[in-house]
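Comments concern the structure below.
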Amino acid sequence: MPNSPRLSRRTFLRGTGVTLTLPLLEAMGPVRAQAKSSSSGEPPRRMICINTTLGLHTPNLFPTRAGRDYELTPYLEPLQKLRNDFTVFSGLSHPQVDGGHSSELCYLTAAPHPSSDNFKNTISLDQYAVELLVPDTRFASLVLASSHTGLSITRSGVQIPAEQRPSRVFRAMFVDGTPTEINTQVQRLKQGQSIMDSVLAEAKDFQKGLGRQDRQKLDEYFTSVREVEKRMINAQDWSRRPKPKVEAKSPVDIVSSVEVVARVRLMVDLMHLALQTDSTRFITFAMNGLNAVPVIPGVTQDWHNLSHHGKDPEKLAQLRVIELEQMKLLANFLAKLKSSKEAGANLLANTMVLYGSNLGNASSHDTRNMPMLLAGGGFKHGQHLAFDDKQNYPLPNLYVSMLQRLGIEAGKFASSTGTMRGLELA
């Protein structure tokens, strides 16, 4: 290895029949940190983030009165029995996030100007929490979608592919493989581990010719590789553990994307099962809109076209039918969580459920005044927190409060300015 600290962009380490390409030394990412474990007997805290990508007609959602004495709006009526289990927010948005439908990419990241030519996304709220908490579950997170792309973004700004088929999610969570399949998976993991061991053996010699700063950065990189190795060892352990046994039967996938309610209901049931069995503690779900007519009684027009209603009464009436179905699905999901007992409480008390949209007014592609609702998770709910609809309050402040509720000592996330004003712990 030459003594010169100048490295080619194509520099890599060689192992036994493999190579490990080196990163750009000036662009190292922070290493995953292990959060403090909770005290024994304390149930884990969880987070679910849902985005309905074609928005919600906010006049049907936002109460006219702030505080705890607000009157239920049409979209909140399905949640009447859960009134004290959620908070509805108005006057929120992501600072500098514009771009209409492209803002969907930033729902959980708040990265600015998603429609610009030089846009680069940042890590999403769920993946940030996963990095810091390193949950000891079969799946670090579940990334789901009803019919299209998902919400989760890696630290490098890459969108994580979303699973759209409930049957595959069910099999991964609850159906054990044959002994041969399990052993094959373990051998693959072991092979990957040995590859990294081989490469890391050369790393010490490689670092000798580098300056102090580059040695430090490379050490960070190799540490992250060792973290991957640890996760692979953990994955070997999980691959041998029997999967949870549930009474539910494997769902039959609904192929047609226009069967919106049925497809979403299947995913909602799976999310409930995932939390019940502690298969994961972090879930994102994109409730994708359609350029088609959904199969819902009373709806005869294309959903995307209805979202661009231009205040047309007929379009607003049909849009209301669709969005009321969405709110009913949410109400059923929250009710299921609340009815599931856990450690003297229930799943909803230990699970934050964020529900909203990246669009405040889908008709005009406006990203201000985003419709947002937070349920469960141990907060003091039962209120409408109303902020200025002209000078919006930063939504990332809510994300900071959510991270702190998970036990992460976060003082900032994306463009936040603090924690969410008016949101208190129960």
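Here, A, B, ... name the chains of the structure tokens in the order displayed, residue numbers run from 1 inside each chain, and ligands are numbered from 1 in the same displayed order.
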Skip Thr73 of chain A itself and residues of its chain fewer than 2 positions away, then list as a PyMOL selection string all residues within 9 Å of it, counting only C-alpha atoms. chain A and resi 59-64+70-71+75-77
Once DSSP has gone over the backbone, tell me which residues of segment 284-410 of chain A are in alpha helix (DSSP H), as a PyMOL selection string. chain A and resi 303-307+313-339+396-405
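Residue nearest Gln127 of chain A within the list A:Arg155, A:His384, A:Arg83, A:His113: A:Arg155 [criterion: smallest interatomic distance, only C-alpha atoms].
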Segment 249-261 of chain A environment, 12 Å, only C-alpha atoms, sequence neighbours closer than 4 positions dropped, as a PyMOL selection string: chain A and resi 52+145-148+163-175+245+265-270+273+287-297+299-303+321-330
Just write the chosen residues, C-alpha atoms, as a short mmCIF file (atom, residue, chain, number, x, y, z; two decimals), in the first residue's frame.
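Contents of again39.cif, freshly written:
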data_model
loop_
_atom_site.label_atom_id
_atom_site.label_comp_id
_atom_site.auth_asym_id
_atom_site.auth_seq_id
_atom_site.Cartn_x
_atom_site.Cartn_y
_atom_site.Cartn_z
CA THR A 52 -52.60 9.63 3.10
CA ALA A 145 -47.73 0.88 1.27
CA SER A 146 -51.23 0.27 0.00
CA SER A 147 -50.35 0.41 -3.69
CA HIS A 148 -47.25 2.46 -4.45
CA GLU A 163 -44.05 -3.98 0.82
CA GLN A 164 -47.51 -3.89 -0.76
CA ARG A 165 -48.50 -7.55 -0.42
CA PRO A 166 -49.99 -8.49 2.97
CA SER A 167 -49.36 -12.20 2.36
CA ARG A 168 -45.61 -11.64 2.16
CA VAL A 169 -45.61 -9.58 5.33
CA PHE A 170 -47.58 -12.29 7.11
CA ARG A 171 -45.23 -15.06 5.96
CA ALA A 172 -42.18 -13.10 7.05
CA MET A 173 -43.64 -12.53 10.50
CA PHE A 174 -45.41 -15.79 11.29
CA VAL A 175 -44.60 -18.65 8.91
CA LYS A 245 -48.02 -18.32 16.55
CA ARG A 265 -57.89 -3.04 6.11
CA LEU A 266 -55.58 -6.00 5.47
CA MET A 267 -52.49 -3.88 6.15
CA VAL A 268 -54.06 -2.37 9.27
CA ASP A 269 -54.75 -5.86 10.64
CA LEU A 270 -51.15 -6.86 9.95
CA LEU A 273 -50.48 -8.24 14.71
CA MET A 287 -51.98 5.13 2.10
CA ASN A 288 -51.48 5.88 -1.57
CA GLY A 289 -54.04 7.73 -3.65
CA LEU A 290 -55.08 6.55 -7.10
CA ASN A 291 -55.53 7.82 -10.61
CA ALA A 292 -58.63 5.62 -10.74
CA VAL A 293 -62.10 5.24 -9.30
CA PRO A 294 -61.93 3.47 -5.92
CA VAL A 295 -64.47 0.74 -5.19
CA ILE A 296 -66.52 2.64 -2.60
CA PRO A 297 -70.30 3.04 -2.79
CA VAL A 299 -67.91 7.21 -5.70
CA THR A 300 -67.96 7.40 -9.49
CA GLN A 301 -64.98 9.64 -10.27
CA ASP A 302 -61.20 9.27 -10.30
CA TRP A 303 -59.78 9.82 -6.78
CA VAL A 321 -67.12 9.66 1.06
CA ILE A 322 -63.57 8.42 0.35
CA GLU A 323 -61.95 10.32 3.18
CA LEU A 324 -64.61 9.30 5.69
CA GLU A 325 -63.79 5.68 4.87
CA GLN A 326 -60.15 6.44 5.64
CA MET A 327 -61.05 7.96 8.99
CA LYS A 328 -63.21 4.93 9.83
CA LEU A 329 -60.26 2.66 9.10
CA LEU A 330 -58.10 4.78 11.39
#
Write out as a CSV table (one decimal) with N, CA, C and O atoms, in the first residue's frame each polymer residue whose atoms come within 8 Å of Leu374 of chain A, counting only C-alpha atoms; drop sequence neighbours fewer than 3 positions from it.
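Output contents, as saved in around-v7.csv:
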chain,number,residue,atom,x,y,z
A,86,PHE,N,-56.4,11.1,21.3
A,86,PHE,CA,-55.7,11.7,20.2
A,86,PHE,C,-55.7,13.2,20.3
A,86,PHE,O,-56.6,13.8,21.0
A,87,THR,N,-54.8,13.8,19.6
A,87,THR,CA,-54.7,15.3,19.5
A,87,THR,C,-54.8,15.6,18.0
A,87,THR,O,-54.0,15.0,17.2
A,88,VAL,N,-55.6,16.6,17.6
A,88,VAL,CA,-55.6,17.0,16.2
A,88,VAL,C,-54.9,18.4,16.2
A,88,VAL,O,-55.0,19.2,17.1
A,352,MET,N,-47.3,5.4,19.6
A,352,MET,CA,-47.6,6.7,19.0
A,352,MET,C,-48.1,6.4,17.6
A,352,MET,O,-47.4,5.7,16.8
A,353,VAL,N,-49.2,6.9,17.2
A,353,VAL,CA,-49.7,6.7,15.9
A,353,VAL,C,-49.9,8.1,15.2
A,353,VAL,O,-50.8,8.9,15.6
A,354,LEU,N,-49.1,8.4,14.3
A,354,LEU,CA,-49.1,9.7,13.6
A,354,LEU,C,-49.9,9.5,12.3
A,354,LEU,O,-49.6,8.6,11.5
A,355,TYR,N,-50.9,10.3,12.1
A,355,TYR,CA,-51.7,10.2,10.9
A,355,TYR,C,-51.9,11.6,10.2
A,355,TYR,O,-52.2,12.5,10.9
Can you check which residues of segment 204-404 of chain A DSSP gives as strand (DSSP E or B) on the backbone and send them as a short mmCIF file (atom, residue, chain, number, x, y, z; two decimals) with C-alpha atoms, in the first residue's frame?
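Printed below is part.cif as written:
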data_model
loop_
_atom_site.label_atom_id
_atom_site.label_comp_id
_atom_site.auth_asym_id
_atom_site.auth_seq_id
_atom_site.Cartn_x
_atom_site.Cartn_y
_atom_site.Cartn_z
CA PHE A 282 -41.57 0.95 14.00
CA ILE A 283 -43.96 0.95 11.05
CA THR A 284 -44.54 3.39 8.22
CA PHE A 285 -47.57 3.08 5.96
CA ALA A 286 -48.25 5.05 2.81
CA MET A 287 -51.98 5.13 2.10
CA LYS A 341 -53.96 -5.18 26.86
CA GLU A 342 -50.28 -4.94 27.69
CA ALA A 345 -52.09 -0.69 29.98
CA ASN A 346 -52.80 -1.25 26.29
CA THR A 351 -47.72 3.28 20.68
CA MET A 352 -47.62 6.67 19.00
CA VAL A 353 -49.75 6.71 15.86
CA LEU A 354 -49.11 9.68 13.57
CA TYR A 355 -51.72 10.18 10.86
CA GLY A 356 -51.82 12.95 8.29
CA ASN A 361 -54.72 21.47 0.14
CA ASP A 366 -50.39 23.45 -1.21
CA MET A 372 -52.09 16.02 11.33
CA LEU A 373 -53.35 13.83 14.15
CA LEU A 374 -51.36 12.06 16.86
CA ALA A 375 -52.91 9.25 18.90
CA GLY A 376 -51.68 7.24 21.86
CA PHE A 379 -49.40 11.99 25.78
CA GLN A 383 -57.44 18.59 22.39
CA HIS A 384 -57.14 20.62 19.23
CA LEU A 385 -53.79 22.40 19.11
CA ALA A 386 -54.34 25.25 16.68
CA TYR A 393 -45.71 26.24 13.27
CA PRO A 394 -42.92 23.75 12.37
#
Non-local contacts of Leu92 of chain A (8 Å; only C-alpha atoms; under 5 positions in same chain excluded) as a list in words: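 Residues near the query, excluding close chain neighbours: Arg368, Asn369, Met370, Pro371, Met372, Phe387, Asp389, Asn392, Tyr393, Pro394 and Leu395 of chain A.
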Export of the given selection (N, CA, C and O atoms) as an mmCIF file, in the first residue's frame:
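Okay, again-v2.cif is ready:
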data_model
loop_
_atom_site.group_PDB
_atom_site.id
_atom_site.type_symbol
_atom_site.label_atom_id
_atom_site.label_comp_id
_atom_site.auth_asym_id
_atom_site.auth_seq_id
_atom_site.Cartn_x
_atom_site.Cartn_y
_atom_site.Cartn_z
ATOM 1 N N ARG A 368 -48.881 23.765 2.883
ATOM 2 C CA ARG A 368 -49.079 24.416 4.183
ATOM 3 C C ARG A 368 -50.318 23.833 4.871
ATOM 4 O O ARG A 368 -51.152 23.206 4.241
ATOM 5 N N ASN A 369 -50.392 24.094 6.187
ATOM 6 C CA ASN A 369 -51.554 23.659 6.977
ATOM 7 C C ASN A 369 -51.849 22.163 6.785
ATOM 8 O O ASN A 369 -52.964 21.763 6.459
ATOM 9 N N MET A 370 -50.818 21.372 6.993
ATOM 10 C CA MET A 370 -50.937 19.923 6.818
ATOM 11 C C MET A 370 -51.899 19.332 7.846
ATOM 12 O O MET A 370 -51.832 19.665 9.031
ATOM 13 N N PRO A 371 -52.808 18.474 7.426
ATOM 14 C CA PRO A 371 -53.705 17.811 8.383
ATOM 15 C C PRO A 371 -52.920 16.770 9.180
ATOM 16 O O PRO A 371 -52.351 15.842 8.609
ATOM 17 N N MET A 372 -52.890 16.921 10.505
ATOM 18 C CA MET A 372 -52.094 16.018 11.331
ATOM 19 C C MET A 372 -52.867 15.622 12.581
ATOM 20 O O MET A 372 -53.554 16.449 13.190
ATOM 21 N N PHE A 387 -52.535 26.338 15.489
ATOM 22 C CA PHE A 387 -51.474 27.306 15.269
ATOM 23 C C PHE A 387 -51.849 28.211 14.100
ATOM 24 O O PHE A 387 -52.866 28.001 13.439
ATOM 25 N N ASP A 389 -52.526 29.760 10.759
ATOM 26 C CA ASP A 389 -52.656 29.158 9.433
ATOM 27 C C ASP A 389 -51.951 29.972 8.357
ATOM 28 O O ASP A 389 -51.891 29.543 7.200
ATOM 29 N N ASN A 392 -47.178 29.202 9.668
ATOM 30 C CA ASN A 392 -47.311 27.877 10.279
ATOM 31 C C ASN A 392 -46.228 27.573 11.307
ATOM 32 O O ASN A 392 -45.099 28.057 11.217
ATOM 33 N N TYR A 393 -46.616 26.750 12.253
ATOM 34 C CA TYR A 393 -45.705 26.238 13.270
ATOM 35 C C TYR A 393 -44.977 25.028 12.679
ATOM 36 O O TYR A 393 -45.572 24.244 11.923
ATOM 37 N N PRO A 394 -43.672 24.848 12.999
ATOM 38 C CA PRO A 394 -42.922 23.752 12.370
ATOM 39 C C PRO A 394 -43.360 22.367 12.840
ATOM 40 O O PRO A 394 -43.278 22.055 14.032
ATOM 41 N N LEU A 395 -43.798 21.536 11.909
ATOM 42 C CA LEU A 395 -44.171 20.163 12.212
ATOM 43 C C LEU A 395 -43.010 19.353 12.788
ATOM 44 O O LEU A 395 -43.239 18.481 13.637
#
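Shortest separation to Thr122 of chain A among A:Ala262, A:Val143, A:Ala414, A:Leu425 occurs at residue A:Ala414, atoms counted being only C-alpha atoms.
From atom CA of Gly382 of chain A back to atom CA of Gly67 of chain A, the distance works out to 8.4 Å.
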For a quick check of understanding, using only C-alpha atoms, which of A:Asn332, A:Asn358, A:Ser401, A:Asn350 has the smallest distance to Val264 of chain A? A:Asn332
Option closest in space to Glu409 of chain A, from A:Leu132, A:His381, A:Ser152, A:Cys49 [counting only C-alpha atoms]: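 Between A:Leu132, A:His381, A:Ser152, A:Cys49, the residue approaching Glu409 of chain A most closely is A:Leu132.
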Select, from A:Ala349, A:Leu337, A:Val246, A:Ala331, the residue with the minimum atom-to-atom distance to Ala426 of chain A, counting only C-alpha atoms.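 Once distances to Ala426 of chain A are computed over only C-alpha atoms, the minimum belongs to A:Ala349.
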Please compute the atom CA of His57 of chain A-atom CA of His365 of chain A distance, one decimal, in Å.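 That distance, rounded to one decimal, is 12.2 Å.
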So that I can see what lies close to Gly55 of chain A, please list as a ChimeraX atom specification the residues with an atom at most 6 Å from it, counting only C-alpha atoms and leaving out residues fewer than 6 positions away in the same chain. /A:357,359,362
Next, dump the selected residues to file, keeping only N, CA and C atoms, as a compact mmCIF listing (two decimals), in the first residue's frame.
# COMPACT_ATOMS: atom_id res chain seq x y z
N SER A 357 -51.13 14.04 6.26
CA SER A 357 -50.81 14.12 4.85
C SER A 357 -49.75 15.18 4.60
N LEU A 359 -49.90 16.98 2.05
CA LEU A 359 -50.61 18.07 1.37
C LEU A 359 -51.66 18.68 2.28
N ALA A 362 -54.78 19.57 -1.35
CA ALA A 362 -54.40 18.82 -2.53
C ALA A 362 -54.91 19.47 -3.80
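By only C-alpha atoms, and with residues fewer than 4 positions from Ala140 of chain A along its chain excluded, the set lying at most 10 Å from it is Asp126, Gln127, Ala129, Val130, Glu131, Leu133, Val134, Pro135, Asp136, Ser279, Thr280, Arg281, Phe282 and Ile283 of chain A.
Computed from the coordinates, the atom CA of Gln276 of chain A to atom CA of Lys81 of chain A distance equals 22.0 Å.
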